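Shown here: model.tsv, TSV, C-alpha atoms and all ligand atoms.
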chain	number	residue	atom	x	y	z
A	9	MET	CA	27.33	7.21	17.58
A	10	LEU	CA	27.14	8.72	14.07
A	11	ASP	CA	25.17	6.88	11.47
A	12	GLY	CA	24.20	7.58	7.88
A	13	THR	CA	20.74	8.86	8.66
A	14	GLY	CA	21.82	11.14	11.50
A	15	HIS	CA	19.10	9.58	13.68
A	16	ASN	CA	21.43	8.09	16.27
A	17	MET	CA	23.39	11.33	16.44
A	18	VAL	CA	20.19	13.30	17.05
A	19	LYS	CA	19.10	10.90	19.80
A	20	PHE	CA	22.55	11.00	21.41
A	21	CYS	CA	22.82	14.81	21.34
A	22	LEU	CA	19.33	15.34	22.68
A	23	GLN	CA	19.74	12.76	25.47
A	24	LYS	CA	23.03	14.35	26.59
A	25	ASN	CA	21.71	17.91	26.18
A	26	LEU	CA	24.55	18.57	23.74
A	27	ALA	CA	22.32	20.28	21.21
A	28	THR	CA	18.80	21.47	20.54
A	29	PRO	CA	16.61	19.91	17.82
A	30	GLU	CA	17.13	23.10	15.74
A	31	GLN	CA	20.91	22.59	15.86
A	32	VAL	CA	20.90	18.94	14.84
A	33	LEU	CA	18.10	19.10	12.25
A	34	PRO	CA	20.30	20.40	9.39
A	35	THR	CA	22.63	17.39	9.83
A	36	CYS	CA	19.63	15.07	9.44
A	37	ILE	CA	18.37	16.90	6.38
A	38	HIS	CA	21.83	16.86	4.79
A	39	ALA	CA	22.19	13.11	5.46
A	40	ARG	CA	18.75	12.38	3.99
A	41	MET	CA	19.42	14.49	0.89
A	42	SER	CA	22.70	12.71	0.19
A	43	ILE	CA	20.92	9.34	0.48
A	44	ALA	CA	17.89	10.42	-1.63
A	45	GLY	CA	20.14	11.11	-4.64
A	46	LYS	CA	21.43	7.54	-4.62
A	47	LEU	CA	18.37	5.57	-3.52
A	48	SER	CA	15.24	4.75	-5.54
A	49	ILE	CA	12.32	2.38	-5.28
A	50	ILE	CA	11.30	0.19	-8.20
A	51	VAL	CA	7.89	-1.41	-7.96
A	52	ALA	CA	5.14	-2.92	-10.10
A	53	VAL	CA	1.62	-2.17	-8.86
A	54	SER	CA	-1.73	-3.49	-10.07
A	55	LYS	CA	-4.69	-1.20	-10.78
A	56	ASN	CA	-5.95	-1.81	-7.23
A	57	GLY	CA	-2.62	-1.27	-5.44
A	58	VAL	CA	-1.56	-4.93	-5.10
A	59	ILE	CA	2.12	-5.89	-5.34
A	60	GLY	CA	2.02	-9.47	-4.03
A	61	LYS	CA	-0.04	-12.46	-2.96
A	62	ASN	CA	1.07	-15.40	-0.80
A	63	GLY	CA	4.72	-14.37	-1.11
A	64	ARG	CA	4.64	-14.08	-4.91
A	65	ILE	CA	3.91	-11.47	-7.55
A	66	PRO	CA	0.45	-12.44	-8.83
A	67	TRP	CA	1.17	-11.75	-12.52
A	68	ARG	CA	3.89	-12.82	-14.92
A	69	ILE	CA	4.64	-10.22	-17.55
A	70	SER	CA	7.96	-11.01	-19.21
A	71	GLU	CA	8.22	-7.51	-20.68
A	72	GLU	CA	7.94	-6.05	-17.17
A	73	LEU	CA	10.68	-8.39	-15.90
A	74	LYS	CA	12.88	-7.22	-18.77
A	75	PHE	CA	12.11	-3.61	-17.88
A	76	PHE	CA	13.03	-4.26	-14.20
A	77	ARG	CA	16.25	-5.92	-15.33
A	78	SER	CA	17.24	-3.05	-17.62
A	79	ILE	CA	16.69	-0.44	-14.90
A	80	THR	CA	18.49	-2.27	-12.08
A	81	MET	CA	21.33	-3.95	-14.00
A	82	GLY	CA	24.81	-3.00	-12.76
A	83	HIS	CA	23.47	-1.38	-9.56
A	84	THR	CA	22.81	-2.57	-6.01
A	85	VAL	CA	19.41	-4.05	-5.18
A	86	ILE	CA	18.05	-4.06	-1.62
A	87	MET	CA	15.31	-6.47	-0.62
A	88	GLY	CA	13.58	-8.04	2.36
A	89	ARG	CA	14.31	-11.66	3.23
A	90	LYS	CA	10.84	-12.72	2.01
A	91	THR	CA	11.32	-11.16	-1.42
A	92	PHE	CA	14.75	-12.78	-1.72
A	93	GLU	CA	13.23	-16.18	-0.89
A	94	SER	CA	10.49	-15.68	-3.46
A	95	ILE	CA	13.10	-14.90	-6.14
A	96	GLY	CA	15.19	-17.83	-4.90
A	97	LYS	CA	18.62	-16.66	-6.04
A	98	PRO	CA	20.75	-13.53	-6.17
A	99	LEU	CA	19.91	-11.29	-9.13
A	100	PRO	CA	22.84	-11.59	-11.56
A	101	GLY	CA	24.86	-8.54	-12.55
A	102	ARG	CA	23.76	-6.66	-9.44
A	103	LYS	CA	25.00	-6.44	-5.85
A	104	ASN	CA	22.29	-8.03	-3.69
A	105	LEU	CA	21.61	-6.69	-0.17
A	106	ILE	CA	19.19	-8.79	1.88
A	107	ILE	CA	17.65	-7.47	5.08
A	108	THR	CA	16.68	-9.86	7.90
A	109	ARG	CA	16.41	-9.63	11.69
A	110	ASN	CA	17.42	-13.30	11.95
A	111	GLU	CA	21.17	-13.34	12.52
A	112	ASN	CA	21.32	-17.07	11.74
A	113	TRP	CA	19.57	-16.75	8.38
A	114	LEU	CA	21.41	-18.01	5.30
A	115	PRO	CA	20.15	-18.36	1.74
A	116	LYS	CA	18.90	-21.90	0.90
A	117	ASP	CA	21.62	-23.96	-0.83
A	118	PHE	CA	23.90	-21.10	0.09
A	119	CYS	CA	27.11	-22.54	-1.39
A	120	GLY	CA	28.08	-20.25	-4.20
A	121	LYS	CA	25.40	-17.71	-3.26
A	122	LEU	CA	27.05	-16.22	-0.18
A	123	SER	CA	29.71	-14.43	-2.20
A	124	GLN	CA	26.96	-12.77	-4.24
A	125	VAL	CA	24.89	-11.40	-1.35
A	126	ASN	CA	25.33	-9.08	1.61
A	127	ILE	CA	23.10	-9.81	4.60
A	128	LEU	CA	22.18	-6.80	6.75
A	129	SER	CA	20.35	-6.88	10.09
A	130	ASN	CA	18.54	-3.54	9.83
A	131	ILE	CA	17.61	-0.62	7.62
A	132	ASP	CA	20.17	1.74	9.20
A	133	ALA	CA	23.01	-0.55	8.07
A	134	ALA	CA	21.77	-0.17	4.48
A	135	LEU	CA	21.36	3.61	4.84
A	136	ASP	CA	24.92	3.87	6.24
A	137	MET	CA	26.22	1.90	3.27
A	138	ILE	CA	24.37	4.16	0.83
A	139	GLN	CA	25.58	7.33	2.46
A	140	GLY	CA	29.18	6.10	2.54
A	141	SER	CA	29.19	5.05	-1.13
A	142	PRO	CA	30.51	7.12	-4.08
A	143	ALA	CA	28.04	9.54	-5.70
A	144	SER	CA	28.13	7.41	-8.87
A	145	ASP	CA	26.62	4.37	-7.07
A	146	HIS	CA	22.90	3.73	-7.23
A	147	PHE	CA	20.75	1.60	-4.93
A	148	TRP	CA	17.32	0.19	-5.78
A	149	ALA	CA	14.90	-0.89	-3.05
A	150	ILE	CA	13.11	-3.73	-4.87
A	151	GLY	CA	10.58	-4.81	-2.22
A	152	GLY	CA	8.52	-6.14	-0.71
A	153	GLU	CA	5.90	-4.13	1.13
A	154	GLU	CA	7.78	-3.88	4.46
A	155	ILE	CA	10.99	-2.76	2.78
A	156	TYR	CA	9.24	-0.19	0.57
A	157	GLN	CA	7.47	1.34	3.60
A	158	GLN	CA	10.69	1.69	5.60
A	159	PHE	CA	12.81	3.10	2.75
A	160	LEU	CA	10.11	5.42	1.40
A	161	PRO	CA	11.08	8.42	3.62
A	162	TYR	CA	14.63	8.30	2.22
A	163	VAL	CA	14.14	7.76	-1.53
A	164	GLY	CA	14.32	10.57	-4.09
A	165	THR	CA	12.66	8.74	-6.99
A	166	ILE	CA	10.26	5.86	-7.58
A	167	VAL	CA	10.09	3.91	-10.83
A	168	CYS	CA	6.59	2.48	-10.90
A	169	SER	CA	5.10	0.07	-13.44
A	170	GLU	CA	1.33	0.45	-13.38
A	171	ILE	CA	-0.08	-2.94	-14.39
A	172	SER	CA	-3.20	-2.59	-16.51
A	173	ALA	CA	-5.32	-5.09	-14.55
A	174	ALA	CA	-6.53	-5.56	-10.95
A	175	TYR	CA	-5.41	-8.57	-8.88
A	176	GLU	CA	-6.25	-10.04	-5.50
A	177	GLY	CA	-3.39	-9.79	-3.05
A	178	ASP	CA	-2.06	-9.32	0.46
A	179	ALA	CA	0.87	-6.92	-0.14
A	180	PHE	CA	0.30	-3.34	-1.29
A	181	PHE	CA	2.05	-0.13	-2.33
A	182	GLN	CA	0.85	3.41	-2.94
A	183	ILE	CA	2.88	6.40	-4.06
A	184	PRO	CA	2.79	9.30	-1.56
A	185	ARG	CA	1.62	12.74	-2.73
A	186	THR	CA	5.13	13.99	-1.99
A	187	PHE	CA	6.08	12.50	-5.38
A	188	ALA	CA	5.11	13.93	-8.79
A	189	ARG	CA	4.74	11.83	-11.93
A	190	GLY	CA	7.67	12.51	-14.30
A	191	GLU	CA	9.15	10.94	-17.42
A	192	LYS	CA	7.32	8.01	-19.06
A	193	LEU	CA	9.78	5.12	-19.32
A	194	HIS	CA	7.63	2.42	-20.94
A	195	GLU	CA	4.18	2.05	-22.47
A	196	SER	CA	2.51	-1.16	-23.64
A	197	PRO	CA	-0.98	-2.65	-23.29
A	198	GLN	CA	0.12	-4.59	-20.18
A	199	PHE	CA	1.83	-1.82	-18.22
A	200	VAL	CA	2.93	1.81	-18.22
A	201	ALA	CA	6.02	2.86	-16.26
A	202	HIS	CA	6.91	6.34	-15.05
A	203	ARG	CA	9.63	7.89	-12.98
A	204	TRP	CA	8.15	9.70	-9.94
A	205	VAL	CA	10.22	12.44	-8.31
A	206	ARG	CA	10.03	13.66	-4.72
A	207	THR	CA	8.77	17.24	-4.58
A	208	SER	CA	8.53	17.73	-0.80
A	209	ASP	CA	8.71	15.97	2.53
A	210	LEU	CA	5.51	17.39	3.92
A	211	ASP	CA	2.47	15.53	2.64
A	212	GLU	CA	2.67	11.79	3.21
A	213	THR	CA	-0.91	11.03	2.06
A	214	ARG	CA	-1.15	8.76	-0.96
A	215	HIS	CA	-2.04	9.44	-4.59
A	216	PRO	CA	-5.55	8.12	-5.31
A	217	LEU	CA	-4.04	6.41	-8.36
A	218	TYR	CA	-5.05	2.88	-7.70
A	219	ARG	CA	-8.71	3.26	-6.74
A	220	ASN	CA	-11.03	1.04	-8.79
B	1	LIG	N1	5.23	-6.08	-7.36
B	1	LIG	C1	6.48	-5.81	-6.99
B	1	LIG	O1	7.14	-4.93	-7.56
B	1	LIG	C2	7.10	-6.58	-5.86
B	1	LIG	C3	8.47	-6.47	-5.58
B	1	LIG	C4	9.01	-7.20	-4.53
B	1	LIG	C5	8.20	-8.01	-3.77
B	1	LIG	N2	6.89	-8.11	-4.04
B	1	LIG	C6	5.99	-8.96	-3.24
B	1	LIG	O2	5.93	-8.44	-1.92
B	1	LIG	C7	5.62	-9.52	-1.02
B	1	LIG	C8	6.67	-9.56	0.09
B	1	LIG	O3	6.57	-8.39	0.87
B	1	LIG	P1	6.68	-8.48	2.47
B	1	LIG	O4	6.42	-7.13	3.02
B	1	LIG	O5	5.83	-9.61	2.95
B	1	LIG	O6	8.19	-8.98	2.70
B	1	LIG	P2	9.63	-8.31	2.41
B	1	LIG	O7	9.55	-6.83	2.60
B	1	LIG	O8	10.16	-8.84	1.14
B	1	LIG	O9	10.49	-8.97	3.57
B	1	LIG	C9	10.10	-8.80	4.91
B	1	LIG	C10	11.24	-9.32	5.77
B	1	LIG	O10	12.36	-8.44	5.68
B	1	LIG	C11	13.02	-8.38	6.93
B	1	LIG	N3	12.91	-7.02	7.48
B	1	LIG	C12	11.96	-6.09	7.22
B	1	LIG	N4	12.22	-4.94	7.89
B	1	LIG	C13	13.37	-5.17	8.58
B	1	LIG	C14	14.15	-4.37	9.45
B	1	LIG	N5	13.81	-3.10	9.76
B	1	LIG	N6	15.27	-4.91	9.99
B	1	LIG	C15	15.65	-6.17	9.68
B	1	LIG	N7	14.94	-6.99	8.86
B	1	LIG	C16	13.82	-6.48	8.32
B	1	LIG	C17	12.31	-9.37	7.85
B	1	LIG	O11	12.97	-10.61	7.61
B	1	LIG	P3	13.05	-11.76	8.77
B	1	LIG	O12	11.64	-12.22	8.95
B	1	LIG	O13	13.97	-12.78	8.18
B	1	LIG	O14	13.63	-11.07	9.99
B	1	LIG	C18	10.90	-9.39	7.26
B	1	LIG	O15	10.17	-10.55	7.57
B	1	LIG	C19	5.65	-10.80	-1.86
B	1	LIG	O16	4.32	-11.14	-2.24
B	1	LIG	C20	6.47	-10.39	-3.07
B	1	LIG	O17	6.19	-11.17	-4.21
B	1	LIG	C21	6.32	-7.42	-5.08
As structure tokens:
Amino acid sequence: MLDGTGHNMVKFCLQKNLATPEQVLPTCIHARMSIAGKLSIIVAVSKNGVIGKNGRIPWRISEELKFFRSITMGHTVIMGRKTFESIGKPLPGRKNLIITRNENWLPKDFCGKLSQVNILSNIDAALDMIQGSPASDHFWAIGGEEIYQQFLPYVGTIVCSEISAAYEGDAFFQIPRTFARGEKLHESPQFVAHRWVRTSDLDETRHPLYRN
């Protein structure tokens, strides 16, 4: 009945008339806060909001890959099945969590890869894992679009590389106004990266950052 997000508990209590929304809300907020401290998004976004095209990232900037590696190394990365397949192998030096609804899915050429990945069937399983982990652990949602959208309500920080050019694409990301731009982590002609920090839960409209 209890899960990391508190959602199932809220549903259960309300269905059984065991509690009012006002009574169960603090449990939800507490659960979300404990997750937000351990969960971040890392994303690279073009000038016009694109993150992907035809299952791939439409640019190749080796410095940005190095930056991604340095931020995520030693932590746990969480990704959708499509992003995993576009990378093609588990990211070394990191625990890899892959989310898929297909219970028969296995990584291609999975021998040797299975021990390096954890396959989860829904977002709640990942949130439970995050909430149950030690405070020193950190989890990075690394994409793609579907995964970012579903984890966004739970993350406390976003590390965003703003790519200095516009690209055509079919996968997008925009930072909500509930996040404020913080520390600059990288600056080069090809991209600038900042840490964005959640300031409230109230305004889910997006920053007009990526308009042309
Ligand atoms: N620029 C960047 O920083 C960046 C980073 C990562 C990815 N990308 C790009 O983003 C694009 C991929 O994004 P995408 O949105 O198409 O795919 P995605 O988020 O990588 O993966 C989507 C898949 O994840 C699984 N999934 C999603 N929500 C789920 C849920 N609630 N429960 C269980 N499984 C769930 C489903 O897998 P099943 O279909 O197997 O059920 C779904 O098809 C690519 O172009 C990639 O290159 C860009």
Exercise for review: Kindly provide, as a list in words, all nucleotide and amino acid residues lying within 6 Å of ligand LIG 1 (chain B), counting all atoms listed in the file.
Suggested key: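 The neighbouring residues of ligand LIG 1 (chain B) are, in order, Val51, Ala52, Val53, Ile59, Gly60, Lys61, Asn62, Gly63, Arg64, Ile65, Met87, Gly88, Arg89, Lys90, Thr91, Ile107, Thr108, Arg109, Asn110, Ser129, Asn130, Ile131, Ile150, Gly151, Gly152, Glu153, Glu154, Ile155 and Ala179 of chain A.
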Hey, can you pull every residue with an atom no more than 8 Å from (14.8, 9.5, 4.7), using all atoms listed in the file, and send it as a PDB file with C-alpha atoms, keeping the file's coordinate frame?
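Printed below is point.pdb as written:
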ATOM      1  CA  THR A  13      20.740   8.860   8.660  1.00  0.00           C
ATOM      2  CA  ARG A  40      18.750  12.380   3.990  1.00  0.00           C
ATOM      3  CA  MET A  41      19.420  14.490   0.890  1.00  0.00           C
ATOM      4  CA  ILE A  43      20.920   9.340   0.480  1.00  0.00           C
ATOM      5  CA  ALA A  44      17.890  10.420  -1.630  1.00  0.00           C
ATOM      6  CA  PHE A 159      12.810   3.100   2.750  1.00  0.00           C
ATOM      7  CA  LEU A 160      10.110   5.420   1.400  1.00  0.00           C
ATOM      8  CA  PRO A 161      11.080   8.420   3.620  1.00  0.00           C
ATOM      9  CA  TYR A 162      14.630   8.300   2.220  1.00  0.00           C
ATOM     10  CA  VAL A 163      14.140   7.760  -1.530  1.00  0.00           C
TER      11      VAL A 163
END
Show me a table, sorted first by chain and then by increasing residue number, of the residues of stretch 164-205 of chain A having an atom at most 12 Å from stretch 142-149 of chain A, each with its shortest atom pair and the distance in Å to one decimal, counting only C-alpha atoms and written as a Markdown table.
| residue | atom | partner | partner_atom | distance |
| --- | --- | --- | --- | --- |
| A:Gly164 | CA | A:Trp148 | CA | 10.9 |
| A:Thr165 | CA | A:Trp148 | CA | 9.8 |
| A:Ile166 | CA | A:Trp148 | CA | 9.2 |
| A:Val167 | CA | A:Trp148 | CA | 9.6 |
| A:Cys168 | CA | A:Ala149 | CA | 11.9 |
Review point. What is the atom CA of A:Ala173-atom CA of A:Phe187 distance in Å, reported with one decimal?
Key: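 A separation of 22.9 Å between them.
Computed from the coordinates, the atom CA of A:Lys192 to atom CA of A:Ile95 distance equals 26.9 Å.
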Review point. Out of A:Leu135, A:Ile49, A:Ser54, A:Ser208, which residue has the shortest atom-to-atom distance to A:Gln157 when counting only C-alpha atoms?
Key: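 For A:Gln157, the nearest of the given residues is A:Ile49.
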Point to revise | Closest of A:Glu170, A:His83, A:Tyr175, A:Lys55 to A:Ile138 - atom-to-atom distances counting all atoms listed in the file | key: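 Smallest distance to A:Ile138 is found for A:His83.
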Exercise for review: Could you jot down the atom CA of A:Asp209 to atom CA of A:Ile79 separation for me, Å, one decimal place?
Suggested key: 25.2 Å
